[in-house]
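What follows is entry.txt (compact mmCIF, C-alpha atoms).
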# COMPACT_ATOMS: atom_id res chain seq x y z
CA VAL A 1 63.96 66.99 62.85
CA ARG A 2 65.32 64.25 65.06
CA LEU A 3 67.09 61.42 63.38
CA TYR A 4 68.84 58.70 65.26
CA GLY A 5 72.10 57.98 63.57
CA VAL A 6 73.03 56.51 60.23
CA ALA A 7 70.55 53.64 60.49
CA ALA A 8 67.65 56.01 60.76
CA ASP A 9 68.99 58.02 57.82
CA ILE A 10 69.17 54.93 55.67
CA GLU A 11 65.73 53.79 56.77
CA LEU A 12 64.31 57.20 55.94
CA GLU A 13 66.04 57.34 52.59
CA VAL A 14 64.73 53.90 51.63
CA PHE A 15 61.27 54.90 52.73
CA CYS A 16 61.33 58.07 50.64
CA ARG A 17 62.68 56.25 47.59
CA GLU A 18 60.06 53.50 47.86
CA GLN A 19 57.17 55.80 48.56
CA TRP A 20 57.95 58.37 45.91
CA GLY A 21 56.81 56.25 42.98
CA ARG A 22 53.81 54.83 44.80
CA LEU A 23 52.69 58.21 46.02
CA VAL A 24 53.09 59.92 42.67
CA GLY A 25 51.22 57.12 40.90
CA SER A 26 48.43 56.93 43.47
CA LEU A 27 48.04 60.65 43.52
CA GLN A 28 48.11 60.91 39.77
CA LEU A 29 45.27 58.44 39.56
CA TYR A 30 43.47 60.20 42.36
CA VAL A 31 43.81 63.81 41.22
CA GLY A 32 44.39 63.20 37.50
CA ASP A 33 47.34 65.60 37.29
CA ARG A 34 50.92 64.42 37.29
CA GLU A 35 52.44 67.76 38.23
CA LEU A 36 50.11 68.16 41.15
CA ALA A 37 50.71 64.55 42.13
CA GLU A 38 54.45 65.18 42.32
CA GLU A 39 53.97 68.32 44.38
CA LEU A 40 51.71 66.50 46.80
CA ALA A 41 54.07 63.52 47.02
CA GLN A 42 56.99 65.80 47.78
CA GLU A 43 54.99 67.61 50.43
CA THR A 44 54.07 64.27 51.94
CA LEU A 45 57.70 63.20 52.11
CA VAL A 46 58.75 66.49 53.73
CA ARG A 47 56.14 65.85 56.38
CA ALA A 48 57.38 62.31 56.77
CA VAL A 49 60.89 63.67 57.36
CA GLN A 50 59.55 66.18 59.86
CA HIS A 51 57.72 63.51 61.80
CA TRP A 52 59.93 60.56 61.02
CA GLU A 53 60.28 59.61 64.65
CA ASP A 54 56.53 59.00 64.80
CA VAL A 55 56.15 57.74 61.25
CA ALA A 56 58.80 55.08 61.76
CA GLN A 57 56.87 53.81 64.76
CA ALA A 58 53.57 53.74 62.90
CA ASP A 59 51.84 50.47 62.16
CA SER A 60 52.34 51.11 58.45
CA PRO A 61 54.46 54.08 57.37
CA SER A 62 53.17 53.58 53.85
CA ALA A 63 49.57 53.89 54.99
CA TRP A 64 50.52 56.99 56.98
CA ALA A 65 52.07 58.53 53.89
CA HIS A 66 49.05 57.78 51.75
CA ARG A 67 46.67 59.16 54.33
CA VAL A 68 48.66 62.39 54.47
CA ALA A 69 48.93 62.51 50.69
CA PHE A 70 45.22 61.97 50.11
CA ASN A 71 44.31 64.51 52.75
CA LEU A 72 46.60 67.01 51.08
CA ALA A 73 45.07 66.16 47.76
CA LYS A 74 41.58 66.73 49.09
CA SER A 75 42.51 70.12 50.46
CA GLN A 76 44.50 71.27 47.45
CA PHE A 77 42.63 69.59 44.68
CA ARG A 78 39.82 72.12 44.54
CA ARG A 79 42.21 75.03 44.53
CA ARG A 80 44.29 73.60 41.72
CA LEU A 81 41.18 72.72 39.78
CA ALA A 82 40.03 76.31 40.06
CA GLN A 83 43.45 77.51 38.89
CA ARG A 84 43.34 75.17 35.96
CA ARG A 85 39.88 76.39 34.97
CA ALA A 86 41.13 79.96 35.22
CA ARG A 87 44.11 79.15 32.99
CA SER A 88 41.81 77.44 30.58
CA ARG A 89 39.54 80.48 30.46
CA ALA A 90 42.61 82.63 29.82
CA GLY A 91 43.51 80.47 26.83
CA VAL A 92 46.50 78.78 28.44
CA ILE A 93 46.16 75.10 27.74
CA ALA A 94 48.57 72.61 29.23
CA LEU A 95 50.16 70.33 26.68
CA PRO A 96 49.22 66.70 27.18
CA GLU A 97 52.01 64.31 28.11
CA PRO A 98 53.08 61.83 25.45
CA ASP A 99 51.16 58.84 26.59
CA LEU A 100 49.42 55.72 25.42
CA ALA A 101 45.82 56.16 24.55
CA SER A 102 44.81 53.25 26.76
CA ALA A 103 46.61 54.70 29.76
CA VAL A 104 44.83 57.98 29.21
CA ALA A 105 41.53 56.15 29.00
CA VAL A 106 42.17 54.29 32.24
CA ARG A 107 43.18 57.47 34.03
CA ALA A 108 40.12 59.24 32.68
CA ALA A 109 37.90 56.39 33.80
CA VAL A 110 39.46 56.37 37.27
CA ALA A 111 39.20 60.16 37.46
CA GLY A 112 35.51 59.84 36.69
CA LEU A 113 34.82 57.58 39.66
CA PRO A 114 33.22 58.99 42.80
CA GLU A 115 35.82 60.10 45.32
CA ALA A 116 35.34 57.21 47.75
CA GLN A 117 35.49 54.57 45.02
CA ARG A 118 38.55 56.20 43.50
CA SER A 119 40.32 56.32 46.87
CA ALA A 120 39.53 52.72 47.68
CA LEU A 121 40.58 51.42 44.28
CA VAL A 122 43.85 53.36 44.15
CA LEU A 123 44.87 52.68 47.73
CA ARG A 124 44.08 49.01 47.41
CA TYR A 125 45.36 48.20 43.93
CA PHE A 126 47.93 50.83 43.15
CA ALA A 127 49.38 51.62 46.58
CA ASP A 128 48.93 47.95 47.52
CA LEU A 129 47.70 48.71 51.00
CA PRO A 130 45.93 45.90 52.84
CA LEU A 131 42.18 46.30 53.26
CA ARG A 132 42.54 47.10 56.93
CA GLN A 133 44.89 49.96 56.19
CA VAL A 134 42.74 51.25 53.35
CA ALA A 135 39.84 51.29 55.80
CA THR A 136 42.01 53.20 58.28
CA VAL A 137 43.10 55.74 55.69
CA MET A 138 39.54 56.23 54.50
CA ASN A 139 38.18 56.16 58.02
CA CYS A 140 35.46 53.67 57.21
CA PRO A 141 34.76 49.93 57.81
CA GLU A 142 36.49 47.32 55.69
CA ASN A 143 33.20 46.13 54.23
CA THR A 144 32.53 49.61 52.97
CA VAL A 145 35.95 49.60 51.30
CA LYS A 146 35.12 46.32 49.63
CA SER A 147 31.84 47.72 48.43
CA HIS A 148 33.55 50.81 47.01
CA ILE A 149 36.10 48.68 45.20
CA ARG A 150 33.47 46.40 43.66
CA ARG A 151 31.49 49.37 42.39
CA ALA A 152 34.65 50.99 41.06
CA ILE A 153 35.58 47.90 39.09
CA GLU A 154 32.06 47.64 37.72
CA ALA A 155 32.34 51.26 36.63
CA LEU A 156 35.64 50.57 34.87
CA ARG A 157 33.99 47.70 33.05
CA GLY A 158 31.22 50.00 32.02
CA ALA A 159 33.77 52.47 30.69
CA GLY A 160 34.87 50.00 28.05
CA LEU A 161 38.17 49.04 29.65
CA GLY A 162 37.69 45.38 28.97
CA ASN A 163 36.94 43.08 31.88
CA PRO A 164 38.93 44.24 34.87
CA VAL A 165 38.81 41.75 37.71
CA GLU A 166 39.78 41.96 41.32
CA SER A 167 43.38 41.13 41.69
CA THR A 168 44.48 38.02 43.45
CA SER A 169 48.20 38.62 43.27
CA SER A 170 48.49 40.83 46.30
CA THR A 171 50.31 39.58 49.33
CA SER A 172 48.91 42.23 51.59
CA GLY A 173 45.32 41.13 51.89
CA GLU A 174 42.60 39.83 49.66
CA LEU A 175 39.26 41.17 48.67
CA ARG A 176 36.76 38.49 49.31
CA MET B 177 39.33 39.06 28.17
CA SER B 178 39.92 39.56 31.87
CA ILE B 179 42.61 41.88 33.06
CA ASP B 180 43.91 42.26 36.58
CA VAL B 181 42.80 45.62 37.91
CA ARG B 182 46.18 46.05 39.58
CA GLU B 183 47.96 45.70 36.26
CA LEU B 184 45.41 47.99 34.68
CA LEU B 185 46.13 50.74 37.17
CA HIS B 186 49.89 50.35 37.17
CA GLY B 187 49.92 50.39 33.39
CA ALA B 188 47.95 53.61 33.35
CA VAL B 189 50.58 55.60 35.18
CA PRO B 190 53.89 56.44 33.53
CA PRO B 191 57.05 55.67 35.47
CA PRO B 192 57.75 58.41 37.98
CA ARG B 193 60.46 60.94 37.37
CA PRO B 194 63.32 60.87 39.85
CA GLY B 195 62.14 61.95 43.28
CA PRO B 196 63.62 64.57 45.57
CA ARG B 197 66.88 63.77 47.35
CA LEU B 198 66.72 63.11 51.05
CA PRO B 199 69.11 65.98 51.96
CA ASP B 200 66.78 68.35 50.12
CA LEU B 201 63.79 67.02 52.01
CA VAL B 202 65.65 67.30 55.31
CA GLN B 203 66.73 70.84 54.47
CA CYS B 204 63.17 71.75 53.61
CA ALA B 205 61.96 70.25 56.88
CA HIS B 206 64.61 72.25 58.78
CA ARG B 207 63.56 75.47 57.06
CA ARG B 208 59.95 74.81 57.95
CA ARG B 209 60.82 74.12 61.53
CA ARG B 210 62.75 77.37 61.78
CA ARG B 211 59.89 79.24 60.12
CA ARG B 212 57.39 77.62 62.45
CA LEU B 213 59.50 78.60 65.43
CA LEU B 214 59.68 82.16 64.14
CA VAL B 215 55.95 82.26 63.54
CA SER B 216 55.27 80.78 66.98
CA THR B 217 57.55 83.30 68.59
CA GLY B 218 55.89 86.07 66.62
CA VAL B 219 52.45 84.89 67.65
CA VAL B 220 53.49 84.71 71.30
CA LEU B 221 54.95 88.21 71.11
CA LEU B 222 51.85 89.44 69.31
CA LEU B 223 49.58 87.92 71.95
CA ALA B 224 51.71 89.38 74.73
CA GLY B 225 51.60 92.76 73.01
CA SER B 226 47.86 92.52 72.54
CA ALA B 227 47.39 91.60 76.18
CA ALA B 228 49.56 94.52 77.26
CA GLY B 229 47.66 96.78 74.91
CA ALA B 230 44.34 95.58 76.26
CA VAL B 231 45.51 96.24 79.80
CA ALA B 232 46.70 99.70 78.78
CA VAL B 233 43.40 100.43 77.07
CA THR B 234 41.49 99.18 80.09
CA ARG B 235 43.57 101.35 82.36
CA SER B 236 43.17 104.33 80.11
CA GLN B 237 39.42 103.74 80.09
CA ASN B 238 39.41 103.51 83.85
CA THR B 239 41.30 106.77 84.06
CA SER B 240 38.69 108.81 82.32
CA ARG B 241 38.72 112.51 82.05
CA ILE B 242 35.40 114.06 82.82
CA GLU B 243 34.28 117.50 81.86
CA ILE B 244 32.07 119.39 84.22
CA ARG B 245 30.20 122.21 82.60
CA PRO B 246 28.13 124.45 84.77
CA ALA B 247 24.45 124.79 84.26
CA ALA B 248 23.26 127.94 82.64
CA GLY B 249 23.27 130.74 85.16
CA SER B 250 25.17 133.70 86.38
CA ASN B 251 28.41 131.67 86.79
CA ALA B 252 28.14 129.89 83.46
CA ALA B 253 31.78 130.57 82.62
CA ALA B 254 33.05 128.03 85.20
CA ARG B 255 34.75 125.11 83.43
CA VAL B 256 36.73 122.51 85.32
CA SER B 257 37.83 118.94 84.69
CA VAL B 258 39.57 116.30 86.69
CA THR B 259 41.16 112.94 85.91
CA LEU B 260 39.51 110.06 87.73
CA PRO B 261 41.63 107.11 88.79
CA PRO B 262 40.11 103.62 88.94
CA GLY B 263 37.35 103.41 91.50
CA TRP B 264 36.43 107.07 91.34
CA ARG B 265 33.30 108.43 89.73
CA ASP B 266 31.56 111.62 88.93
CA LEU B 267 28.79 112.46 91.44
CA PRO B 268 25.79 114.74 91.33
CA ARG B 269 26.25 118.27 92.63
CA ALA B 270 24.06 120.00 95.19
CA SER B 271 22.42 123.32 94.58
CA SER B 272 24.59 125.39 96.89
CA VAL B 273 24.68 129.10 96.14
CA ASP B 274 27.94 130.72 97.22
CA PRO B 275 30.42 129.14 97.31
CA ARG B 276 28.82 127.12 94.55
CA GLU B 277 29.54 123.43 94.34
CA ILE B 278 30.91 122.95 90.80
CA LEU B 279 32.41 119.49 91.00
CA VAL B 280 31.92 116.41 93.16
CA VAL B 281 33.75 113.14 92.60
CA GLY B 282 34.27 110.21 94.92
CA THR B 283 34.75 106.51 95.39
CA ALA B 284 31.17 105.85 96.55
CA ALA B 285 27.69 107.16 95.91
CA ARG B 286 26.82 110.49 97.43
CA THR B 287 24.42 110.52 100.34
CA ARG B 288 21.85 113.23 100.80
CA GLN B 289 24.19 115.75 102.33
CA ASP B 290 25.10 119.28 101.42
CA PRO B 291 27.99 119.61 101.75
CA VAL B 292 29.35 116.09 101.68
CA THR B 293 30.49 114.96 105.12
CA GLY B 294 32.18 111.89 106.46
CA CYS B 295 29.46 111.13 108.96
CA PRO B 296 26.58 109.76 106.94
CA THR B 297 23.36 108.88 108.64
CA ALA B 298 21.54 107.16 105.83
CA GLN B 299 20.40 103.58 106.18
CA THR B 300 23.03 102.44 103.69
CA PRO B 301 26.01 104.68 104.36
CA PRO B 302 29.04 104.74 102.09
CA PRO B 303 31.63 102.13 102.99
CA ARG B 304 34.41 102.96 105.35
CA GLY B 305 37.32 104.33 103.39
CA ALA B 306 35.17 106.11 100.80
CA VAL B 307 36.72 109.40 99.68
CA TYR B 308 34.98 112.45 98.22
CA LEU B 309 36.40 115.52 96.57
CA SER B 310 34.13 118.54 96.28
CA LEU B 311 35.11 121.72 94.51
CA TYR B 312 33.50 125.03 95.37
CA GLU B 313 33.90 128.33 93.65
CA TYR B 314 33.48 131.77 95.12
CA SER B 315 31.78 134.23 92.84
CA SER B 316 33.63 137.19 94.30
CA LEU B 317 36.19 138.03 96.96
CA ASP B 318 34.38 141.25 97.71
CA ARG B 319 31.91 139.67 100.09
CA PRO B 320 32.49 137.82 103.38
CA LEU B 321 34.20 134.48 102.63
CA VAL B 322 33.29 131.36 104.58
CA LEU B 323 33.93 127.70 104.12
CA PRO B 324 30.94 125.67 103.03
CA GLY B 325 29.09 123.84 105.72
CA LYS B 326 27.34 124.52 108.91
CA PHE B 327 30.37 125.83 110.76
CA SER B 328 30.89 128.63 108.21
CA LEU B 329 34.51 129.16 109.15
CA PRO B 330 35.70 132.50 107.83
CA LEU B 331 38.33 132.84 105.11
CA SER B 332 40.42 135.76 103.99
CA PRO B 333 41.61 136.40 100.40
CA ASP B 334 45.26 135.86 101.34
CA GLN B 335 44.47 132.25 102.25
CA PHE B 336 43.91 131.42 98.55
CA GLY B 337 47.35 130.21 97.55
CA SER B 338 48.34 129.66 93.93
CA ARG B 339 48.75 126.18 92.55
CA GLY B 340 52.19 124.92 91.67
CA PRO B 341 53.21 124.24 88.07
CA ASP B 342 52.42 120.56 88.59
CA GLY B 343 48.91 121.33 89.78
CA SER B 344 49.75 120.87 93.45
CA VAL B 345 48.12 123.01 96.10
CA GLN B 346 49.09 123.92 99.58
CA HIS B 347 47.68 121.69 102.23
CA GLY B 348 44.40 122.69 103.58
CA ILE B 349 43.76 124.87 106.51
CA VAL B 350 42.12 122.01 108.33
CA THR B 351 43.63 118.58 108.13
CA GLY B 352 42.17 115.67 109.96
CA GLY B 353 39.51 115.67 112.60
CA ASN B 354 35.86 115.52 111.72
CA ASP B 355 32.96 117.81 111.29
CA CYS B 356 30.29 115.45 112.45
CA ASP B 357 27.80 116.34 115.06
CA ARG B 358 28.38 113.58 117.57
CA LEU B 359 24.95 114.09 118.96
CA ALA B 360 23.23 113.66 115.62
CA LEU B 361 20.83 110.75 115.64
CA GLY B 362 22.10 107.65 113.85
CA VAL B 363 25.67 108.77 113.22
CA THR B 364 27.66 105.58 112.98
CA GLN B 365 31.11 106.73 111.99
CA PHE B 366 33.15 109.86 111.64
CA GLY B 367 35.50 111.00 108.93
CA ASP B 368 38.47 113.16 108.11
CA PHE B 369 38.19 116.25 106.01
CA GLU B 370 40.47 118.85 104.52
CA ASP B 371 39.55 122.25 103.10
CA ILE B 372 41.99 123.70 100.59
CA PRO B 373 41.33 127.24 99.38
CA PHE B 374 43.37 128.10 96.31
CA GLN B 375 43.56 130.41 93.37
CA ASP B 376 43.80 129.25 89.77
CA GLY B 377 44.16 132.05 87.28
CA ASN B 378 41.42 134.50 88.00
CA ARG B 379 39.29 132.03 89.89
CA PHE B 380 39.02 131.41 93.62
CA LEU B 381 38.14 127.94 94.70
CA VAL B 382 38.09 125.70 97.69
CA ALA B 383 38.50 121.95 97.50
CA ARG B 384 37.04 119.79 100.23
CA ILE B 385 38.29 116.26 100.72
CA VAL B 386 36.14 114.11 102.94
CA THR B 387 36.69 110.52 104.01
CA VAL B 388 34.19 108.11 105.52
CA GLY B 389 35.88 106.88 108.64
CA THR B 390 39.21 108.07 109.89
CA ASP B 391 42.60 106.90 108.74
CA PRO B 392 45.49 107.78 111.08
CA SER B 393 47.94 107.79 108.17
CA TYR B 394 45.71 110.10 106.12
CA ARG B 395 46.19 107.79 103.18
CA TRP B 396 42.58 108.28 102.14
CA VAL B 397 42.94 112.05 102.29
CA ARG B 398 46.12 111.83 100.21
CA SER B 399 44.24 109.92 97.51
CA GLY B 400 41.81 112.83 97.30
CA GLU B 401 44.72 115.24 97.07
CA ALA B 402 46.11 113.18 94.20
CA VAL B 403 42.85 113.61 92.31
CA LEU B 404 42.81 117.31 93.09
CA LYS B 405 46.29 117.60 91.60
CA THR B 406 44.82 116.63 88.21
CA LEU B 407 42.28 119.42 88.29
CA HIS B 408 42.21 121.57 85.21
CA VAL B 409 40.62 124.95 85.51
CA GLU B 410 39.93 127.22 82.59
CA ARG B 411 40.10 130.93 83.09
CA LYS B 412 36.86 132.67 83.64
CA ALA B 413 36.00 134.72 80.61
CA GLY B 414 35.37 138.44 80.72
CA THR B 415 37.36 139.35 83.80

Could you quickly redo this structure as structure tokens?
Amino acid sequence: VRLYGVAADIELEVFCREQWGRLVGSLQLYVGDRELAEELAQETLVRAVQHWEDVAQADSPSAWAHRVAFNLAKSQFRRRLAQRRARSRAGVIALPEPDLASAVAVRAAVAGLPEAQRSALVLRYFADLPLRQVATVMNCPENTVKSHIRRAIEALRGAGLGNPVESTSSTSGELR
Amino acid sequence: MSIDVRELLHGAVPPPRPGPRLPDLVQCAHRRRRRRLLVSTGVVLLLAGSAAGAVAVTRSQNTSRIEIRPAAGSNAAARVSVTLPPGWRDLPRASSVDPREILVVGTAARTRQDPVTGCPTAQTPPPRGAVYLSLYEYSSLDRPLVLPGKFSLPLSPDQFGSRGPDGSVQHGIVTGGNDCDRLALGVTQFGDFEDIPFQDGNRFLVARIVTVGTDPSYRWVRSGEAVLKTLHVERKAGT
């Protein structure tokens, strides 16, 4: 690990502190499991530390972190899901977190979205990445991202979550 | 009532628990780097070992041990084997009677000659530098002994020296020169040859080393002697 002095240390520490919450939240919405989300977020930050020299030079370190995190999630999600099913078959049931019913409903609705729509929605409106960066992370055109987001919001409406509308408060790019 | 999708998502996720400390992340990254270095080093060593092993296996395959078992007949007890270095091969034996040809190995195909000579006349002669080792066995010392070949040089029983503990034999009674008929039609090159009568246990043998072309340093002949040194002879049963 090559760090360049105190400034780099501070920059890295700020990055990790800022990204931790965003990564855990995004991943929790994406994989539907807080424990797994924290593991994946921690793994992402370790990788960021390992490659900080490159990450710091990246166009958007946050987008880099989310790309790594979502890739990790894709590769580990199936395995963890299988483990959870096995535990469930064995009669070991995880206790639900104390939570608001509405939050659970939103997470359930998001978890029920197709993978591409879920990624686009979470990256755009939870991780607050600009459209261009969401498109980069998802490796698809921006118009496709927009389409995924529109369909995702329609699906949330259909799930009885009121009338979610596309946000206009972002400073990092608008969905038009 | 409309609700901002951003607020909806943020409200659905509880506040995160405290994240890992940077020193812990750095330490973890260091550990991984060390582990990766160890694994890389291990892989490199493993690959190097595998390559060395493959070379060793290839060499061991090249140095094959062949077993020559005599055809059924009156001398069926004859059993000899020799270790072939790379480039050498087992060759067909001719139907000589006494001394009987029991083993022929060489670095090139055998031409139609009995015994093998270093002055081939075939259209596609063996390449210069080819070496042959022929092994002949005498059925008995009670009859007149001659070297194989058209010159039929006489031998006496006291010329059959014993092999050393390392398989070495005394140098042959003829070293160098050639046995080619210079007047033979089509002879293109001459060779060296060496006849080595020796005794191994209760068996009396003569080894003939023949080279195609002559080598003033006798390096080619020496390579045949090296193969002869690996000869293993089992005792003849019933005597």

Ala37 in chain A: which residues within 12 Å, counting all atoms listed in the file, same-chain residues fewer than 2 positions away excluded, as a PDB file with C-alpha atoms, in the coordinates of the input?
ATOM      1  CA  TRP A  20      57.950  58.370  45.910  1.00  0.00           C
ATOM      2  CA  GLY A  21      56.810  56.250  42.980  1.00  0.00           C
ATOM      3  CA  ARG A  22      53.810  54.830  44.800  1.00  0.00           C
ATOM      4  CA  LEU A  23      52.690  58.210  46.020  1.00  0.00           C
ATOM      5  CA  VAL A  24      53.090  59.920  42.670  1.00  0.00           C
ATOM      6  CA  GLY A  25      51.220  57.120  40.900  1.00  0.00           C
ATOM      7  CA  SER A  26      48.430  56.930  43.470  1.00  0.00           C
ATOM      8  CA  LEU A  27      48.040  60.650  43.520  1.00  0.00           C
ATOM      9  CA  GLN A  28      48.110  60.910  39.770  1.00  0.00           C
ATOM     10  CA  LEU A  29      45.270  58.440  39.560  1.00  0.00           C
ATOM     11  CA  TYR A  30      43.470  60.200  42.360  1.00  0.00           C
ATOM     12  CA  VAL A  31      43.810  63.810  41.220  1.00  0.00           C
ATOM     13  CA  GLY A  32      44.390  63.200  37.500  1.00  0.00           C
ATOM     14  CA  ASP A  33      47.340  65.600  37.290  1.00  0.00           C
ATOM     15  CA  ARG A  34      50.920  64.420  37.290  1.00  0.00           C
ATOM     16  CA  GLU A  35      52.440  67.760  38.230  1.00  0.00           C
ATOM     17  CA  GLU A  39      53.970  68.320  44.380  1.00  0.00           C
ATOM     18  CA  LEU A  40      51.710  66.500  46.800  1.00  0.00           C
ATOM     19  CA  ALA A  41      54.070  63.520  47.020  1.00  0.00           C
ATOM     20  CA  GLN A  42      56.990  65.800  47.780  1.00  0.00           C
ATOM     21  CA  GLU A  43      54.990  67.610  50.430  1.00  0.00           C
ATOM     22  CA  THR A  44      54.070  64.270  51.940  1.00  0.00           C
ATOM     23  CA  HIS A  66      49.050  57.780  51.750  1.00  0.00           C
ATOM     24  CA  ALA A  69      48.930  62.510  50.690  1.00  0.00           C
ATOM     25  CA  PHE A  70      45.220  61.970  50.110  1.00  0.00           C
ATOM     26  CA  LEU A  72      46.600  67.010  51.080  1.00  0.00           C
ATOM     27  CA  ALA A  73      45.070  66.160  47.760  1.00  0.00           C
ATOM     28  CA  LYS A  74      41.580  66.730  49.090  1.00  0.00           C
ATOM     29  CA  GLN A  76      44.500  71.270  47.450  1.00  0.00           C
ATOM     30  CA  PHE A  77      42.630  69.590  44.680  1.00  0.00           C
ATOM     31  CA  ARG A  80      44.290  73.600  41.720  1.00  0.00           C
TER      32      ARG A  80
ATOM     33  CA  VAL B 189      50.580  55.600  35.180  1.00  0.00           C
ATOM     34  CA  PRO B 192      57.750  58.410  37.980  1.00  0.00           C
ATOM     35  CA  ARG B 193      60.460  60.940  37.370  1.00  0.00           C
ATOM     36  CA  GLY B 195      62.140  61.950  43.280  1.00  0.00           C
TER      37      GLY B 195
END

Could you work out which residues of chain B fall inside 12 Å of chain A? Count all atoms listed in the file, and format the result as a VMD selection string. chain B and resid 177 to 210 212

Once 8 Å is added on each side, what are the centre and the three edge lengths, in Å to one decimal, of the axis-aligned box enclosing the listed atoms of range 154-160 of chain A? Present them as lines of an AutoDock Vina configuration file.
center_x = 33.4
center_y = 50.1
center_z = 32.9
size_x = 20.4
size_y = 20.8
size_z = 25.7

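Using only C-alpha atoms, the shortest contact distance between Thr283 in chain B and any of B:Leu381, B:Leu407, B:Leu223, B:Val386 is found at B:Val386.
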
Nearest candidate to Ala155 in chain A (options A:Leu36, A:Ala58, A:Leu113, A:Ala65; using only C-alpha atoms):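 Answer, going by the shortest atom-to-atom distance: A:Leu113.
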
Using Å and a single decimal, report how far CA of Arg255 in chain B sits from CA of Glu277 in chain B. 12.2 Å

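Across the model, the gap from CA of Glu370 in chain B to CA of Val322 in chain B is 14.4 Å.
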
Exercise: residues within 9 Å of coordinate (36.6, 127.7, 91.9), counting all atoms listed in the file, as a list in words: Ala254, Val256, Pro275, Arg276, Glu277, Ile278, Leu311, Tyr312, Glu313, Tyr314, Ser315, Pro373, Phe374, Gln375, Asp376, Arg379, Phe380, Leu381, Val382, Ala383 and Val409 of chain B

How many Å separate CA of Gly112 in chain A from CA of Gly158 in chain A?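 Answer for the CA of Gly112 in chain A to CA of Gly158 in chain A separation: 11.7 Å.
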
Just the residues within 12 Å of Ser399 in chain B, please, counting all atoms listed in the file, with nothing from its chain fewer than 6 positions along; format it as a ChimeraX atom specification. /B:260-264,282-283,305-309,370,385-387,391,393,405-406

Show me, as a compact mmCIF listing (two decimals) with C-alpha atoms, keeping the file's coordinate frame, the residues that have an atom within 8 Å of Gln117 in chain A when counting all atoms listed in the file, minus same-chain residues fewer than 3 positions from it.
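Output file out.txt follows:
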# COMPACT_ATOMS: atom_id res chain seq x y z
CA LEU A 113 34.82 57.58 39.66
CA PRO A 114 33.22 58.99 42.80
CA ALA A 120 39.53 52.72 47.68
CA LEU A 121 40.58 51.42 44.28
CA HIS A 148 33.55 50.81 47.01
CA ILE A 149 36.10 48.68 45.20
CA ARG A 151 31.49 49.37 42.39
CA ALA A 152 34.65 50.99 41.06

Could you add the missing atoms to range 11-20 of chain A, up to N, CA, C and O atoms, and return them as a PDB file, keeping the file's coordinate frame?
ATOM      1  N   GLU A  11      67.133  54.222  56.743  1.00  0.00           N
ATOM      2  CA  GLU A  11      65.730  53.790  56.770  1.00  0.00           C
ATOM      3  C   GLU A  11      64.837  54.856  56.132  1.00  0.00           C
ATOM      4  O   GLU A  11      63.942  54.550  55.333  1.00  0.00           O
ATOM      5  N   LEU A  12      65.106  56.105  56.473  1.00  0.00           N
ATOM      6  CA  LEU A  12      64.310  57.200  55.940  1.00  0.00           C
ATOM      7  C   LEU A  12      64.509  57.344  54.428  1.00  0.00           C
ATOM      8  O   LEU A  12      63.552  57.554  53.678  1.00  0.00           O
ATOM      9  N   GLU A  13      65.760  57.204  54.019  1.00  0.00           N
ATOM     10  CA  GLU A  13      66.040  57.340  52.590  1.00  0.00           C
ATOM     11  C   GLU A  13      65.353  56.237  51.796  1.00  0.00           C
ATOM     12  O   GLU A  13      64.764  56.484  50.729  1.00  0.00           O
ATOM     13  N   VAL A  14      65.397  55.021  52.314  1.00  0.00           N
ATOM     14  CA  VAL A  14      64.730  53.900  51.630  1.00  0.00           C
ATOM     15  C   VAL A  14      63.232  54.154  51.571  1.00  0.00           C
ATOM     16  O   VAL A  14      62.585  53.945  50.536  1.00  0.00           O
ATOM     17  N   PHE A  15      62.702  54.616  52.678  1.00  0.00           N
ATOM     18  CA  PHE A  15      61.270  54.900  52.730  1.00  0.00           C
ATOM     19  C   PHE A  15      60.876  55.922  51.666  1.00  0.00           C
ATOM     20  O   PHE A  15      59.919  55.729  50.913  1.00  0.00           O
ATOM     21  N   CYS A  16      61.658  57.009  51.610  1.00  0.00           N
ATOM     22  CA  CYS A  16      61.330  58.070  50.640  1.00  0.00           C
ATOM     23  C   CYS A  16      61.436  57.547  49.207  1.00  0.00           C
ATOM     24  O   CYS A  16      60.590  57.860  48.365  1.00  0.00           O
ATOM     25  N   ARG A  17      62.489  56.762  48.947  1.00  0.00           N
ATOM     26  CA  ARG A  17      62.680  56.250  47.590  1.00  0.00           C
ATOM     27  C   ARG A  17      61.527  55.327  47.204  1.00  0.00           C
ATOM     28  O   ARG A  17      60.982  55.395  46.110  1.00  0.00           O
ATOM     29  N   GLU A  18      61.140  54.458  48.145  1.00  0.00           N
ATOM     30  CA  GLU A  18      60.060  53.500  47.860  1.00  0.00           C
ATOM     31  C   GLU A  18      58.716  54.217  47.689  1.00  0.00           C
ATOM     32  O   GLU A  18      57.921  53.882  46.816  1.00  0.00           O
ATOM     33  N   GLN A  19      58.489  55.167  48.550  1.00  0.00           N
ATOM     34  CA  GLN A  19      57.170  55.800  48.560  1.00  0.00           C
ATOM     35  C   GLN A  19      56.973  56.787  47.416  1.00  0.00           C
ATOM     36  O   GLN A  19      55.846  57.052  47.025  1.00  0.00           O
ATOM     37  N   TRP A  20      58.079  57.337  46.941  1.00  0.00           N
ATOM     38  CA  TRP A  20      57.950  58.370  45.910  1.00  0.00           C
ATOM     39  C   TRP A  20      57.115  57.881  44.720  1.00  0.00           C
ATOM     40  O   TRP A  20      56.114  58.497  44.339  1.00  0.00           O
TER      41      TRP A  20
END
